[in-house]
file run_12.csv (CSV, C-alpha atoms)
chain,number,residue,atom,x,y,z
A,1028,SER,CA,0.0,0.0,0.0
A,1029,ALA,CA,1.0,3.6,-0.5
A,1030,GLN,CA,-0.3,6.7,1.4
A,1031,GLY,CA,-3.0,4.6,3.1
A,1032,TYR,CA,-4.3,2.9,-0.1
A,1033,THR,CA,-4.6,-0.8,-0.2
A,1034,PRO,CA,-5.9,-3.3,-2.8
A,1035,TRP,CA,-9.2,-3.1,-1.0
A,1036,SER,CA,-9.6,0.6,-1.3
A,1037,ASP,CA,-11.4,0.6,-4.6
A,1038,THR,CA,-13.7,-2.2,-3.5
A,1039,ALA,CA,-14.6,-0.4,-0.3
A,1040,TYR,CA,-15.3,2.8,-2.3
A,1041,LEU,CA,-17.6,0.9,-4.7
A,1042,LEU,CA,-19.5,-0.6,-1.7
A,1043,ARG,CA,-19.9,2.8,-0.2
A,1044,ARG,CA,-21.3,4.1,-3.5
A,1045,TRP,CA,-23.8,1.3,-3.5
A,1046,PHE,CA,-24.9,1.9,0.1
A,1047,ASP,CA,-25.2,5.7,-0.6
A,1048,ALA,CA,-27.2,5.1,-3.8
A,1049,ARG,CA,-29.6,3.1,-1.7
A,1050,LEU,CA,-29.6,5.9,0.9
A,1051,PHE,CA,-30.6,8.4,-1.8
A,1052,SER,CA,-33.0,6.2,-3.6
A,1053,ARG,CA,-36.2,8.0,-4.7
A,1054,LYS,CA,-38.1,6.4,-1.9
A,1055,LYS,CA,-36.0,8.2,0.7
A,1056,THR,CA,-35.8,11.6,-1.0
A,1057,THR,CA,-38.4,14.2,-1.9
A,1058,PRO,CA,-39.3,15.3,-5.4
A,1059,LEU,CA,-39.7,18.9,-6.1
A,1060,SER,CA,-43.4,18.4,-7.0
A,1061,GLN,CA,-44.2,17.6,-3.4
A,1062,LEU,CA,-42.9,21.0,-2.2
A,1063,LYS,CA,-44.9,23.3,-4.5
A,1064,ASP,CA,-46.9,24.7,-1.7
A,1065,ARG,CA,-44.1,24.9,0.9
A,1066,ARG,CA,-41.5,27.5,1.5
A,1067,PHE,CA,-37.9,26.2,1.5
A,1068,VAL,CA,-34.3,27.2,1.4
A,1069,LEU,CA,-32.0,25.2,-0.8
A,1070,PHE,CA,-28.5,24.2,0.3
A,1071,PRO,CA,-26.7,22.3,-2.6
A,1072,LEU,CA,-23.8,20.3,-1.2
A,1073,GLN,CA,-20.5,20.7,-3.0
A,1074,VAL,CA,-17.9,18.1,-3.9
A,1075,GLU,CA,-15.1,17.7,-1.4
A,1076,PRO,CA,-12.2,18.0,-1.8
A,1077,GLU,CA,-12.7,20.5,-4.7
A,1078,LEU,CA,-10.9,23.7,-5.9
A,1079,SER,CA,-14.3,25.5,-6.2
A,1080,LEU,CA,-14.8,25.0,-2.5
A,1081,HIS,CA,-11.4,24.9,-0.7
A,1082,GLY,CA,-9.6,27.1,-3.3
A,1083,PHE,CA,-12.3,29.7,-3.9
A,1084,SER,CA,-13.3,30.0,-0.2
A,1085,PRO,CA,-10.2,29.4,1.9
A,1086,GLU,CA,-11.6,31.4,4.8
A,1087,PHE,CA,-14.6,29.0,5.3
A,1088,PHE,CA,-15.4,25.7,3.7
A,1089,CYS,CA,-17.1,23.6,6.3
A,1090,GLN,CA,-20.5,22.7,4.8
A,1091,GLN,CA,-21.7,20.7,7.8
A,1092,THR,CA,-21.1,23.7,10.1
A,1093,ALA,CA,-22.9,26.0,7.7
A,1094,LEU,CA,-25.9,23.6,7.5
A,1095,SER,CA,-26.2,23.6,11.3
A,1096,TRP,CA,-26.1,27.4,11.4
A,1097,VAL,CA,-28.8,27.7,8.7
A,1098,ALA,CA,-31.1,25.1,10.4
A,1099,GLN,CA,-31.0,27.1,13.6
A,1100,GLU,CA,-31.9,30.4,11.9
A,1101,LEU,CA,-34.8,29.3,9.7
A,1102,PRO,CA,-38.3,30.3,10.6
A,1103,ALA,CA,-40.6,27.4,11.6
A,1104,ASP,CA,-42.6,27.6,8.3
A,1105,VAL,CA,-39.4,27.3,6.1
A,1106,SER,CA,-37.8,23.9,5.4
A,1107,LEU,CA,-34.1,23.3,4.8
A,1108,VAL,CA,-33.8,21.3,1.6
A,1109,ILE,CA,-30.4,19.7,1.0
A,1110,LYS,CA,-29.3,18.4,-2.4
A,1111,GLU,CA,-26.4,16.1,-2.5
A,1112,HIS,CA,-24.1,16.0,-5.5
A,1113,LYS,CA,-24.4,12.7,-7.3
A,1114,PHE,CA,-20.6,12.5,-8.0
A,1115,VAL,CA,-20.0,12.5,-4.2
A,1116,LEU,CA,-21.7,9.2,-3.5
A,1117,GLY,CA,-19.3,6.9,-1.6
A,1118,ARG,CA,-17.0,9.7,-0.6
A,1119,ARG,CA,-18.6,11.1,2.6
A,1120,PRO,CA,-18.6,9.2,5.9
A,1121,ARG,CA,-22.1,7.9,6.8
A,1122,LYS,CA,-21.9,9.9,10.0
A,1123,PHE,CA,-22.0,13.1,7.9
A,1124,TYR,CA,-25.5,12.2,6.8
A,1125,GLU,CA,-26.6,10.9,10.2
A,1126,GLU,CA,-25.6,14.1,12.0
A,1127,ILE,CA,-27.3,16.3,9.4
A,1128,ASN,CA,-30.6,14.3,9.8
A,1129,GLU,CA,-30.5,15.1,13.5
A,1130,LEU,CA,-31.0,18.8,12.7
A,1131,GLY,CA,-34.7,18.0,12.4
A,1132,ASN,CA,-36.1,20.3,9.8
A,1133,VAL,CA,-34.1,18.8,6.9
A,1134,ILE,CA,-35.5,17.5,3.6
A,1135,TRP,CA,-33.3,15.6,1.1
A,1136,ALA,CA,-33.9,16.6,-2.5
A,1137,ASP,CA,-34.3,14.0,-5.2
A,1138,LEU,CA,-30.7,13.3,-6.2
A,1139,TYR,CA,-31.5,12.9,-9.9
A,1140,GLU,CA,-33.7,15.9,-10.5
A,1141,ALA,CA,-32.0,18.9,-12.2
A,1142,GLY,CA,-30.5,21.3,-9.6
A,1143,ILE,CA,-31.5,24.4,-11.6
A,1144,ASP,CA,-35.2,23.4,-11.1
A,1145,TRP,CA,-34.7,23.5,-7.4
A,1146,VAL,CA,-32.9,26.8,-7.5
A,1147,THR,CA,-35.7,28.3,-9.5
A,1148,GLU,CA,-38.4,27.3,-7.0
A,1149,ALA,CA,-36.5,27.9,-3.8
A,1150,ASP,CA,-37.2,31.0,-1.6
A,1151,ALA,CA,-33.5,31.3,-1.2
A,1152,VAL,CA,-30.3,29.4,-1.9
A,1153,VAL,CA,-27.6,29.1,0.7
A,1154,THR,CA,-24.1,28.2,-0.5
A,1155,ILE,CA,-20.4,28.7,0.0
A,1156,SER,CA,-19.1,28.8,-3.5
A,1157,SER,CA,-21.2,26.4,-5.6
A,1158,SER,CA,-22.3,26.9,-9.2
A,1159,ALA,CA,-25.8,26.8,-7.9
A,1160,GLY,CA,-25.1,30.2,-6.3
A,1161,ILE,CA,-24.3,31.6,-9.7
A,1162,GLU,CA,-27.4,30.1,-11.2
A,1163,ALA,CA,-29.6,31.5,-8.4
A,1164,ALA,CA,-28.0,35.0,-8.8
A,1165,MET,CA,-28.8,34.9,-12.6
A,1166,LEU,CA,-32.4,33.7,-12.0
A,1167,GLY,CA,-33.1,36.3,-9.4
A,1168,THR,CA,-33.3,33.8,-6.4
A,1169,PRO,CA,-31.9,35.4,-3.2
A,1170,VAL,CA,-28.6,33.9,-2.2
A,1171,VAL,CA,-27.0,33.7,1.2
A,1172,THR,CA,-23.3,32.9,0.8
A,1173,PHE,CA,-20.3,32.3,3.0
A,1174,GLY,CA,-17.9,32.7,0.1
A,1175,GLN,CA,-16.1,36.0,0.1
A,1176,HIS,CA,-14.8,35.8,-3.5
A,1177,ASN,CA,-17.9,34.9,-5.5
A,1178,MET,CA,-18.2,36.9,-8.7
A,1179,TYR,CA,-21.9,37.9,-8.0
A,1180,LEU,CA,-21.5,39.6,-4.5
A,1181,ASP,CA,-22.5,43.1,-5.8
A,1182,LEU,CA,-26.0,42.0,-6.9
A,1183,PRO,CA,-28.9,43.4,-4.7
A,1184,HIS,CA,-30.3,39.9,-3.8
A,1185,ILE,CA,-26.9,38.5,-2.5
A,1186,TYR,CA,-26.3,38.4,1.2
A,1187,LEU,CA,-22.7,37.7,2.3
A,1188,CYS,CA,-22.0,36.2,5.7
A,1189,HIS,CA,-18.5,36.6,7.2
A,1190,SER,CA,-19.5,34.5,10.2
A,1191,ALA,CA,-22.5,32.9,12.0
A,1192,ASN,CA,-23.2,36.3,13.5
A,1193,ASP,CA,-24.3,37.6,10.1
A,1194,LEU,CA,-26.5,34.8,9.2
A,1195,LYS,CA,-29.7,35.7,11.2
A,1196,ILE,CA,-30.1,39.1,9.5
A,1197,ALA,CA,-29.0,37.7,6.1
A,1198,MET,CA,-31.5,34.9,6.2
A,1199,ARG,CA,-34.3,37.3,7.3
A,1200,ASP,CA,-33.5,39.7,4.5
A,1201,ALA,CA,-33.2,37.0,1.9
A,1202,LEU,CA,-36.6,35.5,2.7
A,1203,LYS,CA,-38.2,38.9,2.6
A,1204,ASN,CA,-36.6,39.6,-0.8
A,1205,THR,CA,-38.8,37.1,-2.6
A,1206,ASP,CA,-41.2,39.9,-3.5
A,1207,SER,CA,-38.5,41.5,-5.6
A,1208,ARG,CA,-37.9,38.6,-8.0
A,1209,SER,CA,-38.5,40.8,-11.2
A,1210,GLU,CA,-35.8,43.3,-10.1
A,1211,ASN,CA,-33.5,40.5,-9.0
A,1212,LEU,CA,-33.9,38.8,-12.4
A,1213,LEU,CA,-33.0,42.0,-14.2
A,1214,ALA,CA,-29.8,42.2,-12.2
A,1215,GLY,CA,-29.2,38.6,-12.8
A,1216,LYS,CA,-29.5,39.1,-16.6
A,1217,LYS,CA,-26.8,41.8,-16.4
A,1218,LEU,CA,-24.5,39.3,-14.6
A,1219,ALA,CA,-25.2,36.7,-17.3
A,1220,LYS,CA,-24.4,39.2,-20.1
A,1221,ALA,CA,-21.2,40.3,-18.3
A,1222,ILE,CA,-20.1,36.6,-18.1
A,1223,GLU,CA,-21.0,36.1,-21.8
A,1224,ILE,CA,-18.9,39.1,-22.9
A,1225,SER,CA,-15.9,37.9,-20.9
A,1226,CYS,CA,-16.0,34.4,-22.3
A,1227,ILE,CA,-14.3,32.9,-25.4
A,1228,ASN,CA,-16.0,30.7,-27.9
A,1229,MET,CA,-14.1,27.4,-27.7
A,1230,ASN,CA,-15.9,26.1,-30.9
A,1231,ASN,CA,-15.5,22.3,-31.1
A,1232,TYR,CA,-13.1,21.9,-28.1
A,1233,ASN,CA,-13.6,18.7,-26.2
A,1234,LYS,CA,-11.8,18.3,-22.9
A,1235,ASN,CA,-11.7,14.5,-23.4
A,1236,ASP,CA,-10.1,14.9,-26.8
A,1237,PRO,CA,-6.6,16.5,-26.7
A,1238,GLU,CA,-6.5,16.7,-30.5
A,1239,SER,CA,-9.4,19.2,-30.4
A,1240,PHE,CA,-7.0,21.8,-28.9
A,1241,GLY,CA,-5.1,22.8,-32.0
A,1242,PRO,CA,-3.4,25.9,-33.4
A,1243,ASN,CA,-6.6,27.5,-34.7
A,1244,LEU,CA,-8.2,27.3,-31.3
A,1245,LEU,CA,-5.1,28.7,-29.6
A,1246,ALA,CA,-5.0,31.6,-32.1
A,1247,ASN,CA,-8.7,32.3,-31.4
A,1248,ILE,CA,-8.1,32.4,-27.7
A,1249,ALA,CA,-5.1,34.8,-28.1
A,1250,ASP,CA,-7.1,37.1,-30.5
A,1251,ASN,CA,-10.0,37.3,-28.0
A,1252,LEU,CA,-7.7,38.0,-25.1
A,1253,LEU,CA,-5.9,40.8,-27.0
A,1254,ASN,CA,-9.3,42.3,-28.1
A,1255,SER,CA,-10.5,42.3,-24.5
A,1256,PHE,CA,-7.3,44.2,-23.4
A,1257,ASN,CA,-7.9,46.7,-26.2
A,1258,LYS,CA,-11.6,47.2,-25.3
A,1259,THR,CA,-10.6,47.7,-21.6
A,1260,SER,CA,-8.1,50.3,-22.7
A,1261,GLU,CA,-10.6,52.1,-24.9
A,1262,ASP,CA,-13.2,52.1,-22.1
A,1263,SER,CA,-10.8,53.6,-19.7
A,1264,HIS,CA,-10.2,56.7,-21.9
call {"tool": "encode", "arguments": {"input": "run_12.csv", "output": "structure tokens"}}
result
Amino acid sequence: SAQGYTPWSDTAYLLRRWFDARLFSRKKTTPLSQLKDRRFVLFPLQVEPELSLHGFSPEFFCQQTALSWVAQELPADVSLVIKEHKFVLGRRPRKFYEEINELGNVIWADLYEAGIDWVTEADAVVTISSSAGIEAAMLGTPVVTFGQHNMYLDLPHIYLCHSANDLKIAMRDALKNTDSRSENLLAGKKLAKAIEISCINMNNYNKNDPESFGPNLLANIADNLLNSFNKTSEDSH
């Protein structure tokens, strides 16, 4: 064995995936259709370890701690819906799920339903640095975030928490913000447009096909990068 890995490591991982798949079977999770008349806050779990979590939010990345804080601050008529990431099955200890279930007001979302549908219907989304936070920001759904470096923090429906002390007010304001969805959506569209402008068309690039990254694509990236510098220079004058 090397660094703690043994010939049984892969076998144990496959068994954990099987057990977790049973844990998150459709009989033990809740479909979105059953929550149409209920208020809920969505907390989409992120993959761990992952650059988007530990790299983008080095100040705070403990999802279980965040979940316990959120559960304590929710009003009695608002449920905490947690959506696990399907690529994480078999990677978290079983105790992680057991301790979360002890929070009491937790609902596990259907693992196989599209996350964006849950983001659209939620009264608010709580996240550290997940892509669901960006989706919610664009769709006008209020976002309570612990990530201090997210690109969407300046939007009016985003509530940044530096610590647990900020969460009570942030959650209160986010849940009140649901009446401003049209204004939030307009701000979200501006964010989406800004992201589109700053992106580069990769054409037929396929990350699984190294041959697709050829000289023409490289030249296209270089040209777009130079054009963005020129546009920035022009705008500054």
call {"tool": "closest_residue", "arguments": {"input": "run_12.csv", "among": "A:Pro1242, A:Asn1204, A:Ile1222, A:Ser1095", "to": "A:Ala1191", "atoms": "only C-alpha atoms"}}
result
A:Ser1095
call {"tool": "residues_around", "arguments": {"input": "run_12.csv", "residues": "stretch 1113-1120 of chain A", "least_positions_apart": "6", "cutoff": "7 Å", "atoms": "all atoms listed in the file", "output": "PDB file with C-alpha atoms, in the frame of the given file"}}
result
ATOM      1  CA  TYR A1040     -15.300   2.800  -2.300  1.00  0.00           C
ATOM      2  CA  LEU A1041     -17.600   0.900  -4.700  1.00  0.00           C
ATOM      3  CA  ARG A1043     -19.900   2.800  -0.200  1.00  0.00           C
ATOM      4  CA  ARG A1044     -21.300   4.100  -3.500  1.00  0.00           C
ATOM      5  CA  ASP A1047     -25.200   5.700  -0.600  1.00  0.00           C
ATOM      6  CA  ALA A1048     -27.200   5.100  -3.800  1.00  0.00           C
ATOM      7  CA  VAL A1074     -17.900  18.100  -3.900  1.00  0.00           C
ATOM      8  CA  LEU A1138     -30.700  13.300  -6.200  1.00  0.00           C
TER       9      LEU A1138
END
call {"tool": "atom_distance", "arguments": {"input": "run_12.csv", "atom1": "atom CA of A:Thr1056", "atom2": "atom CA of A:Glu1075"}}
result
21.6 Å
call {"tool": "atom_distance", "arguments": {"input": "run_12.csv", "atom1": "atom CA of A:Ser1209", "atom2": "atom CA of A:Gly1174"}}
result
24.9 Å
call {"tool": "atom_distance", "arguments": {"input": "run_12.csv", "atom1": "atom CA of A:Ser1190", "atom2": "atom CA of A:Ile1161"}}
result
20.7 Å
call {"tool": "closest_residue", "arguments": {"input": "run_12.csv", "among": "A:Gln1175, A:Thr1147, A:Gln1099, A:Gln1061", "to": "A:Glu1162", "atoms": "all atoms listed in the file"}}
result
A:Thr1147
call {"tool": "residues_around", "arguments": {"input": "run_12.csv", "residues": "A:Asn1231", "least_positions_apart": "6", "cutoff": "10 Å", "atoms": "only C-alpha atoms", "output": "list in words"}}
result
Ser1239, Phe1240 and Leu1244 of chain A
call {"tool": "closest_residue", "arguments": {"input": "run_12.csv", "among": "A:Glu1129, A:Glu1140, A:Glu1148, A:Asn1235", "to": "A:Ser1052", "atoms": "only C-alpha atoms"}}
result
A:Glu1140
call {"tool": "closest_residue", "arguments": {"input": "run_12.csv", "among": "A:Cys1226, A:Ala1164, A:Val1153, A:Leu1050", "to": "A:Gln1090", "atoms": "all atoms listed in the file"}}
result
A:Val1153
call {"tool": "residues_around", "arguments": {"input": "run_12.csv", "residues": "A:Asn1228", "least_positions_apart": "3", "cutoff": "12 Å", "atoms": "all atoms listed in the file", "output": "PyMOL selection string"}}
result
chain A and resi 1223-1225+1231-1232+1244-1252
call {"tool": "closest_residue", "arguments": {"input": "run_12.csv", "among": "A:Asn1233, A:Gln1091, A:Thr1205, A:Asn1132", "to": "A:Thr1154", "atoms": "all atoms listed in the file"}}
result
A:Gln1091
